[in-house]
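Next comes input.cif, a file with mmCIF, N, CA and C atoms.
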data_data
loop_
_atom_site.label_atom_id
_atom_site.label_comp_id
_atom_site.auth_asym_id
_atom_site.auth_seq_id
_atom_site.Cartn_x
_atom_site.Cartn_y
_atom_site.Cartn_z
N MET W 1 0.84 -1.17 0.00
CA MET W 1 0.00 0.00 0.00
C MET W 1 0.89 1.24 0.00
N ARG W 2 0.55 2.18 -0.83
CA ARG W 2 1.32 3.42 -0.93
C ARG W 2 0.56 4.56 -0.26
N ILE W 3 1.24 5.28 0.60
CA ILE W 3 0.61 6.39 1.32
C ILE W 3 1.10 7.69 0.71
N LYS W 4 0.16 8.55 0.39
CA LYS W 4 0.52 9.86 -0.15
C LYS W 4 0.61 10.85 1.01
N THR W 5 1.67 11.66 1.02
CA THR W 5 1.88 12.62 2.11
C THR W 5 1.84 14.02 1.53
N PHE W 6 0.66 14.51 1.28
CA PHE W 6 0.49 15.85 0.70
C PHE W 6 0.95 16.93 1.66
N GLY W 7 0.56 16.83 2.92
CA GLY W 7 0.84 17.88 3.90
C GLY W 7 2.31 18.11 4.17
N CYS W 8 3.11 17.06 4.19
CA CYS W 8 4.52 17.19 4.55
C CYS W 8 5.26 18.07 3.55
N ASN W 9 5.05 17.83 2.28
CA ASN W 9 5.74 18.62 1.26
C ASN W 9 5.29 20.08 1.32
N PHE W 10 3.99 20.30 1.54
CA PHE W 10 3.50 21.66 1.64
C PHE W 10 4.15 22.41 2.80
N MET W 11 4.25 21.75 3.95
CA MET W 11 4.85 22.40 5.11
C MET W 11 6.32 22.72 4.85
N ALA W 12 7.02 21.82 4.18
CA ALA W 12 8.42 22.09 3.86
C ALA W 12 8.53 23.30 2.94
N GLN W 13 7.65 23.40 1.95
CA GLN W 13 7.65 24.55 1.04
C GLN W 13 7.29 25.82 1.80
N HIS W 14 6.30 25.73 2.68
CA HIS W 14 5.87 26.88 3.47
C HIS W 14 7.01 27.39 4.36
N ASN W 15 7.67 26.47 5.05
CA ASN W 15 8.79 26.86 5.92
C ASN W 15 9.93 27.45 5.11
N ASN W 16 10.22 26.87 3.95
CA ASN W 16 11.29 27.37 3.09
C ASN W 16 10.97 28.79 2.61
N LEU W 17 9.71 29.03 2.24
CA LEU W 17 9.31 30.37 1.80
C LEU W 17 9.50 31.38 2.94
N GLY W 18 9.11 31.00 4.14
CA GLY W 18 9.28 31.88 5.29
C GLY W 18 10.74 32.18 5.58
N GLN W 19 11.60 31.17 5.48
CA GLN W 19 13.03 31.37 5.71
C GLN W 19 13.63 32.27 4.63
N GLN W 20 13.22 32.05 3.38
CA GLN W 20 13.70 32.92 2.30
C GLN W 20 13.27 34.36 2.56
N GLY W 21 12.01 34.53 2.96
CA GLY W 21 11.49 35.86 3.24
C GLY W 21 12.25 36.55 4.34
N GLU W 22 12.57 35.83 5.40
CA GLU W 22 13.32 36.44 6.51
C GLU W 22 14.73 36.82 6.08
N GLN W 23 15.35 36.01 5.24
CA GLN W 23 16.70 36.35 4.74
C GLN W 23 16.63 37.61 3.88
N VAL W 24 15.65 37.68 2.99
CA VAL W 24 15.50 38.85 2.12
C VAL W 24 15.21 40.09 2.97
N ALA W 25 14.37 39.94 3.99
CA ALA W 25 14.04 41.07 4.87
C ALA W 25 15.29 41.56 5.62
N ALA W 26 16.10 40.64 6.13
CA ALA W 26 17.32 41.02 6.84
C ALA W 26 18.29 41.74 5.90
N ASP W 27 18.42 41.23 4.67
CA ASP W 27 19.29 41.89 3.68
C ASP W 27 18.76 43.27 3.34
N PHE W 28 17.44 43.38 3.18
CA PHE W 28 16.78 44.65 2.88
C PHE W 28 17.09 45.69 3.95
N LEU W 29 16.98 45.28 5.21
CA LEU W 29 17.27 46.20 6.33
C LEU W 29 18.75 46.58 6.36
N ALA W 30 19.62 45.60 6.19
CA ALA W 30 21.07 45.86 6.23
C ALA W 30 21.47 46.85 5.14
N GLU W 31 20.88 46.72 3.96
CA GLU W 31 21.18 47.64 2.86
C GLU W 31 20.75 49.06 3.17
N ARG W 32 19.83 49.21 4.12
CA ARG W 32 19.32 50.53 4.48
C ARG W 32 19.91 51.05 5.79
N GLY W 33 21.01 50.44 6.20
CA GLY W 33 21.74 50.96 7.35
C GLY W 33 21.37 50.39 8.70
N TYR W 34 20.52 49.38 8.74
CA TYR W 34 20.18 48.74 10.00
C TYR W 34 21.26 47.73 10.34
N ARG W 35 21.58 47.65 11.62
CA ARG W 35 22.51 46.62 12.09
C ARG W 35 21.67 45.49 12.67
N ILE W 36 21.77 44.31 12.09
CA ILE W 36 20.99 43.17 12.54
C ILE W 36 21.65 42.60 13.79
N LEU W 37 20.91 42.60 14.89
CA LEU W 37 21.43 42.08 16.15
C LEU W 37 21.11 40.59 16.31
N HIS W 38 19.89 40.21 15.98
CA HIS W 38 19.47 38.82 16.08
C HIS W 38 18.42 38.51 15.02
N ARG W 39 18.42 37.26 14.58
CA ARG W 39 17.36 36.74 13.72
C ARG W 39 16.79 35.50 14.41
N ASN W 40 15.48 35.39 14.39
CA ASN W 40 14.80 34.27 15.04
C ASN W 40 15.24 34.10 16.48
N TRP W 41 15.27 35.20 17.20
CA TRP W 41 15.65 35.17 18.61
C TRP W 41 14.55 34.48 19.41
N ARG W 42 14.97 33.57 20.30
CA ARG W 42 14.02 32.83 21.12
C ARG W 42 14.45 32.85 22.58
N CYS W 43 13.43 32.87 23.42
CA CYS W 43 13.63 32.75 24.87
C CYS W 43 12.39 32.05 25.40
N GLY W 44 12.49 30.77 25.63
CA GLY W 44 11.30 30.00 26.01
C GLY W 44 10.31 29.98 24.84
N HIS W 45 9.10 30.42 25.11
CA HIS W 45 8.08 30.48 24.05
C HIS W 45 8.06 31.84 23.35
N LYS W 46 8.92 32.72 23.76
CA LYS W 46 8.97 34.05 23.15
C LYS W 46 9.88 34.01 21.92
N GLU W 47 9.47 34.76 20.86
CA GLU W 47 10.25 34.72 19.62
C GLU W 47 10.11 36.05 18.90
N LEU W 48 11.23 36.50 18.35
CA LEU W 48 11.25 37.71 17.52
C LEU W 48 11.92 37.37 16.20
N ASP W 49 11.31 37.79 15.08
CA ASP W 49 11.86 37.47 13.77
C ASP W 49 13.20 38.15 13.54
N ILE W 50 13.22 39.49 13.65
CA ILE W 50 14.46 40.24 13.46
C ILE W 50 14.54 41.32 14.52
N VAL W 51 15.69 41.43 15.15
CA VAL W 51 15.98 42.53 16.07
C VAL W 51 17.13 43.30 15.44
N ALA W 52 16.89 44.60 15.22
CA ALA W 52 17.89 45.43 14.56
C ALA W 52 18.06 46.73 15.34
N CYS W 53 19.09 47.47 14.95
CA CYS W 53 19.37 48.74 15.59
C CYS W 53 19.70 49.76 14.49
N LYS W 54 19.18 50.95 14.64
CA LYS W 54 19.51 52.03 13.72
C LYS W 54 19.32 53.36 14.45
N GLU W 55 20.36 54.18 14.39
CA GLU W 55 20.31 55.52 14.98
C GLU W 55 19.81 55.50 16.43
N ASN W 56 20.44 54.67 17.27
CA ASN W 56 20.12 54.57 18.69
C ASN W 56 18.65 54.21 18.93
N LEU W 57 18.10 53.38 18.07
CA LEU W 57 16.73 52.91 18.17
C LEU W 57 16.72 51.40 17.99
N LEU W 58 16.09 50.69 18.91
CA LEU W 58 15.95 49.25 18.79
C LEU W 58 14.70 49.00 17.94
N VAL W 59 14.86 48.23 16.89
CA VAL W 59 13.74 47.98 15.97
C VAL W 59 13.42 46.49 15.97
N ILE W 60 12.20 46.18 16.38
CA ILE W 60 11.70 44.81 16.39
C ILE W 60 10.90 44.65 15.11
N VAL W 61 11.28 43.67 14.29
CA VAL W 61 10.65 43.52 12.97
C VAL W 61 9.96 42.16 12.86
N GLU W 62 8.69 42.21 12.58
CA GLU W 62 7.92 41.00 12.26
C GLU W 62 7.94 40.85 10.75
N VAL W 63 8.23 39.65 10.27
CA VAL W 63 8.32 39.38 8.84
C VAL W 63 7.18 38.45 8.44
N LYS W 64 6.42 38.84 7.44
CA LYS W 64 5.33 38.02 6.93
C LYS W 64 5.53 37.82 5.43
N THR W 65 5.68 36.56 5.03
CA THR W 65 5.89 36.22 3.62
C THR W 65 4.69 35.42 3.14
N ARG W 66 4.15 35.82 2.01
CA ARG W 66 3.00 35.13 1.41
C ARG W 66 3.25 34.94 -0.08
N ARG W 67 2.71 33.87 -0.61
CA ARG W 67 2.83 33.62 -2.05
C ARG W 67 2.07 34.66 -2.86
N ASN W 68 0.91 35.07 -2.34
CA ASN W 68 0.08 36.06 -3.02
C ASN W 68 -0.86 36.69 -2.00
N ARG W 69 -1.72 37.57 -2.47
CA ARG W 69 -2.68 38.24 -1.59
C ARG W 69 -4.11 37.72 -1.81
N LEU W 70 -4.26 36.54 -2.37
CA LEU W 70 -5.59 36.03 -2.70
C LEU W 70 -6.48 35.86 -1.47
N PHE W 71 -5.96 35.32 -0.39
CA PHE W 71 -6.79 35.05 0.77
C PHE W 71 -6.78 36.20 1.77
N ALA W 72 -5.65 36.83 1.93
CA ALA W 72 -5.56 37.96 2.88
C ALA W 72 -4.19 38.62 2.71
N ALA W 73 -4.15 39.88 3.03
CA ALA W 73 -2.88 40.59 3.01
C ALA W 73 -2.05 40.13 4.21
N PRO W 74 -0.74 40.05 4.06
CA PRO W 74 0.10 39.56 5.18
C PRO W 74 -0.08 40.38 6.45
N GLU W 75 -0.26 41.67 6.32
CA GLU W 75 -0.38 42.52 7.51
C GLU W 75 -1.66 42.22 8.31
N GLU W 76 -2.64 41.60 7.68
CA GLU W 76 -3.88 41.26 8.39
C GLU W 76 -3.67 40.16 9.44
N SER W 77 -2.54 39.47 9.37
CA SER W 77 -2.27 38.42 10.35
C SER W 77 -1.72 38.98 11.66
N ILE W 78 -1.48 40.27 11.72
CA ILE W 78 -0.98 40.88 12.95
C ILE W 78 -2.19 41.27 13.81
N THR W 79 -2.58 40.36 14.65
CA THR W 79 -3.75 40.54 15.51
C THR W 79 -3.33 41.13 16.86
N GLY W 80 -4.31 41.47 17.66
CA GLY W 80 -4.02 41.96 19.01
C GLY W 80 -3.24 40.96 19.83
N TRP W 81 -3.57 39.68 19.66
CA TRP W 81 -2.85 38.62 20.36
C TRP W 81 -1.39 38.59 19.92
N LYS W 82 -1.15 38.70 18.62
CA LYS W 82 0.22 38.68 18.08
C LYS W 82 1.00 39.89 18.59
N ILE W 83 0.36 41.03 18.62
CA ILE W 83 1.02 42.25 19.13
C ILE W 83 1.42 42.07 20.58
N ARG W 84 0.53 41.54 21.40
CA ARG W 84 0.86 41.32 22.82
C ARG W 84 2.04 40.37 22.96
N ARG W 85 2.08 39.30 22.15
CA ARG W 85 3.21 38.36 22.20
C ARG W 85 4.51 39.03 21.80
N MET W 86 4.46 39.87 20.75
CA MET W 86 5.67 40.56 20.30
C MET W 86 6.17 41.53 21.36
N VAL W 87 5.25 42.25 21.99
CA VAL W 87 5.64 43.20 23.03
C VAL W 87 6.24 42.47 24.22
N ALA W 88 5.63 41.36 24.62
CA ALA W 88 6.18 40.56 25.74
C ALA W 88 7.55 40.01 25.37
N SER W 89 7.72 39.58 24.12
CA SER W 89 9.03 39.07 23.68
C SER W 89 10.06 40.18 23.66
N ALA W 90 9.67 41.36 23.19
CA ALA W 90 10.59 42.50 23.18
C ALA W 90 10.99 42.88 24.60
N ASP W 91 10.04 42.82 25.52
CA ASP W 91 10.34 43.11 26.92
C ASP W 91 11.36 42.12 27.47
N ALA W 92 11.17 40.84 27.16
CA ALA W 92 12.13 39.81 27.59
C ALA W 92 13.50 40.08 26.98
N TYR W 93 13.52 40.49 25.74
CA TYR W 93 14.79 40.77 25.04
C TYR W 93 15.54 41.92 25.72
N VAL W 94 14.86 43.04 25.95
CA VAL W 94 15.56 44.19 26.54
C VAL W 94 15.99 43.91 27.97
N ARG W 95 15.23 43.13 28.69
CA ARG W 95 15.63 42.76 30.05
C ARG W 95 16.85 41.84 30.03
N LYS W 96 16.84 40.86 29.13
CA LYS W 96 17.95 39.90 29.05
C LYS W 96 19.27 40.60 28.72
N TYR W 97 19.23 41.58 27.82
CA TYR W 97 20.46 42.23 27.37
C TYR W 97 20.68 43.61 28.00
N GLY W 98 19.82 44.00 28.92
CA GLY W 98 19.99 45.27 29.63
C GLY W 98 19.97 46.47 28.69
N ILE W 99 19.09 46.46 27.73
CA ILE W 99 19.01 47.53 26.73
C ILE W 99 18.13 48.65 27.25
N ASP W 100 18.62 49.86 27.11
CA ASP W 100 17.85 51.04 27.52
C ASP W 100 17.84 52.03 26.36
N MET W 101 16.96 51.81 25.42
CA MET W 101 16.81 52.71 24.28
C MET W 101 15.38 52.61 23.77
N PRO W 102 14.94 53.59 23.03
CA PRO W 102 13.58 53.53 22.48
C PRO W 102 13.42 52.32 21.57
N ILE W 103 12.19 51.81 21.52
CA ILE W 103 11.87 50.64 20.70
C ILE W 103 10.80 51.01 19.68
N ARG W 104 10.99 50.51 18.47
CA ARG W 104 9.99 50.68 17.42
C ARG W 104 9.62 49.30 16.89
N PHE W 105 8.35 49.10 16.60
CA PHE W 105 7.86 47.84 16.06
C PHE W 105 7.51 48.03 14.58
N ASP W 106 8.22 47.31 13.71
CA ASP W 106 8.02 47.39 12.27
C ASP W 106 7.47 46.08 11.74
N LEU W 107 6.96 46.16 10.53
CA LEU W 107 6.48 44.98 9.82
C LEU W 107 7.06 45.01 8.42
N ILE W 108 7.59 43.89 7.99
CA ILE W 108 8.02 43.76 6.59
C ILE W 108 7.19 42.65 5.98
N THR W 109 6.50 42.99 4.88
CA THR W 109 5.72 41.99 4.16
C THR W 109 6.41 41.71 2.83
N LEU W 110 6.40 40.44 2.48
CA LEU W 110 6.98 40.01 1.21
C LEU W 110 5.94 39.17 0.48
N ILE W 111 5.74 39.48 -0.80
CA ILE W 111 4.78 38.75 -1.61
C ILE W 111 5.51 38.14 -2.80
N GLY W 112 5.29 36.85 -3.03
CA GLY W 112 5.88 36.17 -4.17
C GLY W 112 6.22 34.74 -3.81
N GLU W 113 6.48 33.95 -4.85
CA GLU W 113 6.82 32.55 -4.62
C GLU W 113 8.32 32.33 -4.54
N THR W 114 9.08 33.20 -5.20
CA THR W 114 10.54 33.14 -5.16
C THR W 114 11.05 34.57 -5.25
N PRO W 115 12.27 34.80 -4.78
CA PRO W 115 12.84 36.14 -4.96
C PRO W 115 12.98 36.45 -6.44
N PRO W 116 12.87 37.68 -6.86
CA PRO W 116 12.66 38.87 -6.04
C PRO W 116 11.20 39.01 -5.59
N PHE W 117 11.01 39.30 -4.31
CA PHE W 117 9.70 39.48 -3.73
C PHE W 117 9.27 40.95 -3.87
N THR W 118 7.98 41.18 -3.79
CA THR W 118 7.48 42.53 -3.61
C THR W 118 7.56 42.81 -2.12
N ILE W 119 8.30 43.84 -1.74
CA ILE W 119 8.57 44.11 -0.32
C ILE W 119 7.92 45.42 0.09
N GLU W 120 7.31 45.38 1.27
CA GLU W 120 6.80 46.61 1.88
C GLU W 120 7.31 46.66 3.32
N HIS W 121 7.92 47.78 3.67
CA HIS W 121 8.43 47.98 5.03
C HIS W 121 7.54 49.01 5.70
N ILE W 122 6.81 48.58 6.71
CA ILE W 122 5.92 49.47 7.45
C ILE W 122 6.59 49.81 8.77
N GLU W 123 7.13 51.02 8.85
CA GLU W 123 7.73 51.46 10.10
C GLU W 123 6.63 51.84 11.07
N GLU W 124 6.88 51.62 12.36
CA GLU W 124 5.88 51.86 13.40
C GLU W 124 4.54 51.23 13.02
N ALA W 125 4.60 49.95 12.71
CA ALA W 125 3.40 49.22 12.30
C ALA W 125 2.34 49.22 13.40
N PHE W 126 2.78 49.27 14.64
CA PHE W 126 1.86 49.37 15.77
C PHE W 126 2.62 49.92 16.97
N TYR W 127 1.86 50.41 17.93
CA TYR W 127 2.43 50.87 19.18
C TYR W 127 2.07 49.85 20.25
N PRO W 128 2.95 49.65 21.22
CA PRO W 128 2.63 48.68 22.28
C PRO W 128 1.37 49.10 23.03
N PRO W 129 0.50 48.15 23.31
CA PRO W 129 -0.70 48.49 24.09
C PRO W 129 -0.34 48.81 25.53
N VAL W 130 -1.19 49.56 26.16
CA VAL W 130 -1.01 49.88 27.58
C VAL W 130 -1.93 48.97 28.38
N TRP W 131 -1.33 48.17 29.27
CA TRP W 131 -2.12 47.28 30.11
C TRP W 131 -2.23 47.85 31.50
N ASN W 132 -3.39 47.73 32.07
CA ASN W 132 -3.60 48.19 33.47
C ASN W 132 -3.58 47.03 34.41
#

What does this structure look like when you write it as structure tokens?
Amino acid sequence: MRIKTFGCNFMAQHNNLGQQGEQVAADFLAERGYRILHRNWRCGHKELDIVACKENLLVIVEVKTRRNRLFAAPEESITGWKIRRMVASADAYVRKYGIDMPIRFDLITLIGETPPFTIEHIEEAFYPPVWN
């Protein structure tokens, strides 16, 4: 009996596209004068795609890569829950490394199946929420 594994190949392609997108995003930032401090930084369940620095500003960058915009724009995946996770991860990052500088949250979206991607860099994509 032969078993077809449709999902496995799709996930490998999906992960590969995401990795390509993050590499292109990091190169895009570096070409514009950002110093990349970390990529795919993790601390427990906390994760940041790209942590960069430019002009005494810590920039946390979420990277979203999509094959196309047929189902939804990549920026639509940044929900309130995702924002809270990114802010908590950024807080863990600055505490771990003792960083005392302003923080900006950016979003880089990439559209396409292979490079060259259509790239959009949204600076200050959101502001951290205030929790009481």

Report task. Could you list the residues chosen by the PyMOL selection byres (((chain W and resi 37-52 and name CA) around 8) and name CA) in this structure as a PyMOL selection string? Result -> chain W and resi 22+26+34-36+53-54+58-63+85-86+88-90+92

Query raised in the report: Among range 18-127 of chain W, which residues carry a DSSP assignment of strand (DSSP E), reported as JSON, numbers by chain?
Result: {"W": [35, 36, 37, 38, 39, 40, 41, 42, 43, 46, 47, 48, 49, 50, 51, 52, 53, 54, 57, 58, 59, 60, 61, 62, 63, 64, 65, 66, 103, 104, 105, 106, 107, 108, 109, 110, 111, 118, 119, 120, 121, 122, 123, 124, 125, 126]}

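Across the structure, atom N of Pro128 in chain W and atom N of Leu17 in chain W are spaced 28.8 Å apart.
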
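As for atom N of Ser77 in chain W and CA of Phe117 in chain W, they are spaced 17.9 Å apart.
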
Query raised in the report: Which residues fall under the PyMOL selection byres ((chain W and resi 122) around 8) in this file, as a count of residues only?
Result: 12

Report task. Using the chain letters and numbers from the file, give me the residues hit by the PyMOL selection byres ((chain W and resi 65-76) around 6), as a PyMOL selection string. Result -> chain W and resi 18+21+63-64+77-79+109-113

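Separating atom C of Pro102 in chain W from atom C of Leu57 in chain W is a distance of 5.0 Å.
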
Report task. From a DSSP pass on the backbone, collect the residues of chain W flagged as helix (DSSP H, G or I) and hand them back as a ChimeraX atom specification. Result -> /W:6-31,74-77,80-97

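Closest to Gly33 in chain W among W:Val87, W:Lys82, W:Ile103, W:Glu55 is W:Glu55, based on all atoms listed in the file.
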
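Considering all atoms listed in the file, the residue among W:Ala25, W:Pro115, W:Ile83, W:Asp91 positioned nearest to Pro129 in chain W is W:Ile83.
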